[in-house]
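For reference, the structure is listed below as C-alpha cells.
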Amino acid sequence: MTMLRTLSLVAILVSGLAATAAQDDPPLATLNQPSTASALIQVIVPTALAELVVDGEHIEGEGLSREVALPALDKGANRRHTFTVTWKPNTYTEMTRTKIVVLGDGALPAVDLSVDDPDDRVRVVYVPTPHDIAEAMVKLAGVKKGDVVYEPGCGDARITIAAINAGALRGICVDIDADRVKESIANVEAAGFADRIDVRLGDALDVKDLTEVTVVLLYMGDYFNMLIRPVLWRDLRAGSRIVSHRFTMGDWTPDVTESLFGDVGGWYDIHLWKITDADKR
C-alpha cells in the first residue's frame with residue numbers, strides 16, 4: 001500500500017510538470033510558422049497631397065509623413081517592397097518617384113520619398129509654343145545644314161519642323177502622349193518631312209543615346225530640364241546647342257537669354273546653352 005501511494009504521488013508530480021511545460025512553451029508547429037503580425041513603417045512624401053502606392057496598392061491618407069502597415073518580418077527574413085509617390089509641384093507638371101526597398105532582419109526603417117532622384121519621371125501638360133517663338137528658338141540655336149535636332153516632348157512637332165525648314169539635316173521627336181504623336185506624324189507628313197523627322201512614342205528621359213544630336217529644342221518645365229541636364233552633359237558633343245522656351249536649368253547659367261514680344265501678345269523668354277569641354281568633364 002505504501003509503494004502504491006508513492007507511485008501515485010510521482011505520477012501526479014510528473015503530470016503537473018508536463019502541464020506546466022505545455023503552458024510555458026508553444027507547440028513546435030507554432031514555432032515553425034511565419035509571423036502574421038503587422039508593423040507600421042513611416043513613409044515621407046514630397047507634398048501633403050501626394051498619392052502613395054505600395055506594392056501596387058493605393059494607400060489612403062494625407063500629410064508629409066504617412067504610416068503604412070506591412071506584415072512583420074521574422075528574424076533573418078527579408079522582403080522587397082515597391083513604394084511609388086505621385087504629386088503635382090505645379091498646375092502643369094506631374095512627378096512620379098519610385099523606390100524599391102528591401103526590408104530584412106526584422107527591421108522596418110522609414111522610407112524617404114522626398115529626396116530628388118535621377119530616376120524620377122515627369123509628365124508635362126501640353127502647351128504649344130507659338131509659331132513665331134518656335135522660329136526664334138531655331139534662330140537662337142543657330143540651326144544650320146547638317147544639324148541633327150532633338151525635341152523631347154514634341155507636342156505637334158512644330159519646333160522640329162521649323163528646324164528642318166531652317167536647314168537641319170534631320171530631327172528626332174519624342175512624346176509620351178499617343179495623341180500628340182499621331183498629331184506630330186500628321187504634321188510631319190503634311191510638311192513633306194516624313195523621311196527626315198523620326199517621331200517616337202515614349203518617355204524622352206528613356207532615350208539613352210544622344211551622341212549624334214547637335215541641337216536640343218525644348219519646352220518642358222524646370223523639373224524635366226533638371227532631369228535631362230546630366231544626360232545632355234554626358235551625351236552631347238562640345239559645341240552642341242540647347243534652347244529652352246521659358247524654363248532654365250538650375251544653376252547652369254544660359255549663355256544667352258532673349259526676351260521677345262510674341263505675335264499673339266505677351267513676352268517670351270528663350271535661353272541658349274552651348275556644351276563645352278568643361279561641361280563634359
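Ordered as shown in the C-alpha cells, chains take letters A, B, and onward, while each chain numbers its residues from 1 and ligands are numbered from 1 in the order shown.
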
Selection near A:Val115, 10 Å with only C-alpha atoms, sequence-local residues under 3 positions removed, as a ChimeraX atom specification
/A:44-46,97,112

Could you give me the residues within stretch 6-187 of chain A that DSSP places in strand (DSSP E or B), as an MDAnalysis selection string?
chainID A and resid 38:44 51:54 57:59 65:71 78:90 93:104 111:112 121:124 148:152 170:175

Per DSSP on the backbone, what are the alpha helix (DSSP H) residues of stretch 55-205 of chain A, as a PyMOL selection string?
chain A and resi 131-141+158-165+178-190

Would you save the residues of that selection, restricted to C-alpha atoms, as a CSV table (one decimal), in the first residue's frame?
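Output saved as again_5.csv:
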```csv
chain,number,residue,atom,x,y,z
A,131,HIS,CA,5.0,79.5,-84.2
A,132,ASP,CA,6.9,82.8,-84.1
A,133,ILE,CA,8.6,81.8,-80.8
A,134,ALA,CA,9.4,78.3,-82.3
A,135,GLU,CA,11.2,80.1,-85.2
A,136,ALA,CA,13.0,82.4,-82.8
A,137,MET,CA,14.3,79.3,-80.8
A,138,VAL,CA,15.6,77.8,-84.0
A,139,LYS,CA,17.3,81.0,-84.9
A,140,LEU,CA,18.9,81.4,-81.5
A,141,ALA,CA,20.2,77.8,-81.7
A,158,ARG,CA,6.1,72.4,-84.9
A,159,ILE,CA,9.6,73.3,-83.4
A,160,THR,CA,11.3,70.4,-85.1
A,161,ILE,CA,9.6,71.2,-88.4
A,162,ALA,CA,10.8,74.8,-88.1
A,163,ALA,CA,14.3,73.5,-87.6
A,164,ILE,CA,14.2,71.3,-90.7
A,165,ASN,CA,12.8,74.3,-92.6
A,178,ALA,CA,-0.1,58.9,-78.1
A,179,ASP,CA,-2.5,61.6,-79.4
A,180,ARG,CA,0.4,64.1,-79.6
A,181,VAL,CA,2.5,61.5,-81.5
A,182,LYS,CA,-0.3,61.0,-84.0
A,183,GLU,CA,-0.6,64.7,-84.5
A,184,SER,CA,3.1,65.1,-84.9
A,185,ILE,CA,3.2,62.3,-87.5
A,186,ALA,CA,0.4,64.0,-89.4
A,187,ASN,CA,2.1,67.4,-89.3
A,188,VAL,CA,5.5,66.0,-90.3
A,189,GLU,CA,3.9,64.2,-93.3
A,190,ALA,CA,2.0,67.3,-94.3
```

Each stretch 61-163 of chain A residue no farther than 10 Å from stretch 223-227 of chain A, nearest pair in Å, only C-alpha atoms, as CSV:
```
residue,atom,partner,partner_atom,distance
A:Pro89,CA,A:Tyr223,CA,9.1
A:Thr93,CA,A:Tyr223,CA,8.1
A:Glu94,CA,A:Tyr223,CA,9.5
A:Met95,CA,A:Tyr223,CA,8.4
A:Asp116,CA,A:Leu227,CA,9.5
A:Asp117,CA,A:Leu227,CA,8.7
A:Pro118,CA,A:Leu227,CA,6.3
A:Asp119,CA,A:Leu227,CA,8.2
A:Asp120,CA,A:Leu227,CA,7.6
A:Arg121,CA,A:Phe224,CA,8.0
A:Val122,CA,A:Phe224,CA,6.1
A:Arg123,CA,A:Phe224,CA,8.3
A:Val124,CA,A:Phe224,CA,8.4
A:Pro152,CA,A:Phe224,CA,9.7
A:Gly153,CA,A:Phe224,CA,9.9
```

Can you pull out the residues contacting A:Gly265? Cut-off 12 Å, using only C-alpha atoms, and skip same-chain residues under 3 positions away; I want them as a PyMOL selection string.
chain A and resi 130+132-133+260-262+268

Emit the selected residues as an mmCIF file, in the first residue's frame, including N, CA and C atoms.
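As written to disk, out_25.cif reads:
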```cif
data_model
loop_
_atom_site.group_PDB
_atom_site.id
_atom_site.type_symbol
_atom_site.label_atom_id
_atom_site.label_comp_id
_atom_site.auth_asym_id
_atom_site.auth_seq_id
_atom_site.Cartn_x
_atom_site.Cartn_y
_atom_site.Cartn_z
ATOM 1 N N PRO A 130 4.082 79.201 -79.462
ATOM 2 C CA PRO A 130 3.631 79.944 -80.647
ATOM 3 C C PRO A 130 4.630 79.787 -81.799
ATOM 4 N N ASP A 132 5.868 81.807 -83.986
ATOM 5 C CA ASP A 132 6.947 82.799 -84.099
ATOM 6 C C ASP A 132 8.025 82.565 -83.042
ATOM 7 N N ILE A 133 7.630 82.082 -81.872
ATOM 8 C CA ILE A 133 8.612 81.782 -80.824
ATOM 9 C C ILE A 133 9.397 80.536 -81.195
ATOM 10 N N LEU A 260 11.268 88.196 -75.998
ATOM 11 C CA LEU A 260 10.590 88.561 -77.236
ATOM 12 C C LEU A 260 9.123 88.861 -76.962
ATOM 13 N N PHE A 261 8.593 89.834 -77.670
ATOM 14 C CA PHE A 261 7.152 90.101 -77.606
ATOM 15 C C PHE A 261 6.498 89.316 -78.740
ATOM 16 N N GLY A 262 5.629 88.390 -78.371
ATOM 17 C CA GLY A 262 5.072 87.480 -79.350
ATOM 18 C C GLY A 262 4.022 88.095 -80.249
ATOM 19 N N TYR A 268 8.016 86.559 -74.092
ATOM 20 C CA TYR A 268 8.504 85.185 -74.033
ATOM 21 C C TYR A 268 10.016 85.199 -73.852
#
```

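Between A:Leu52 and the candidates A:Thr86, A:Thr257, A:Ser65, A:Thr248, the tightest atom-to-atom separation, counting only C-alpha atoms, involves A:Thr86.
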
Test item: residues at most 6 Å from stretch 197-212 of chain A, only C-alpha atoms, excluding those fewer than 3 positions along its chain, as a PyMOL selection string
chain A and resi 152+170-176+193-194+235-236

Identify, on the basis of only C-alpha atoms, every residue whose closest approach to A:Glu57 does not exceed 10 Å; exclude the query and any residue fewer than 3 positions from it along the same chain; express the result as a PyMOL selection string.
chain A and resi 52-54+60+82-84

Report, in Å to a single decimal, how far apart atom CA of A:Arg281 and atom CA of A:Gly239 are.
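Result for atom CA of A:Gly239 versus atom CA of A:Arg281: 13.9 Å, one decimal.
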
For atom CA of A:His245 and atom CA of A:Ser114, determine how far apart the two atoms are, in Å to one decimal place.
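Taking atom CA of A:His245 as the start and atom CA of A:Ser114 as the end point, the length is 27.9 Å.
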
Could you check which of A:Ala278, A:Val216, A:Val125, A:Ile228 is closest to A:Ala168, using only C-alpha atoms?
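Among A:Ala278, A:Val216, A:Val125, A:Ile228, it is A:Val216 that comes nearest to A:Ala168.
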
Could you check the closest approach to A:Ala191 for each of A:Val149, A:Val215, A:Ala77, A:Ala157 and tell me which residue wins, using only C-alpha atoms?
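The closest residue to A:Ala191 is A:Ala157.
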
What's the separation between atom CA of A:Leu169 and atom CA of A:Lys144, in Å to one decimal place?
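Interatomic distance, atom CA of A:Leu169 to atom CA of A:Lys144: 8.2 Å.
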
Counting only C-alpha atoms, which of A:Pro109, A:Gly56, A:Gly61, A:Gly104 gets nearest to A:Asn78?
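Result for the nearest residue to A:Asn78: A:Gly104.
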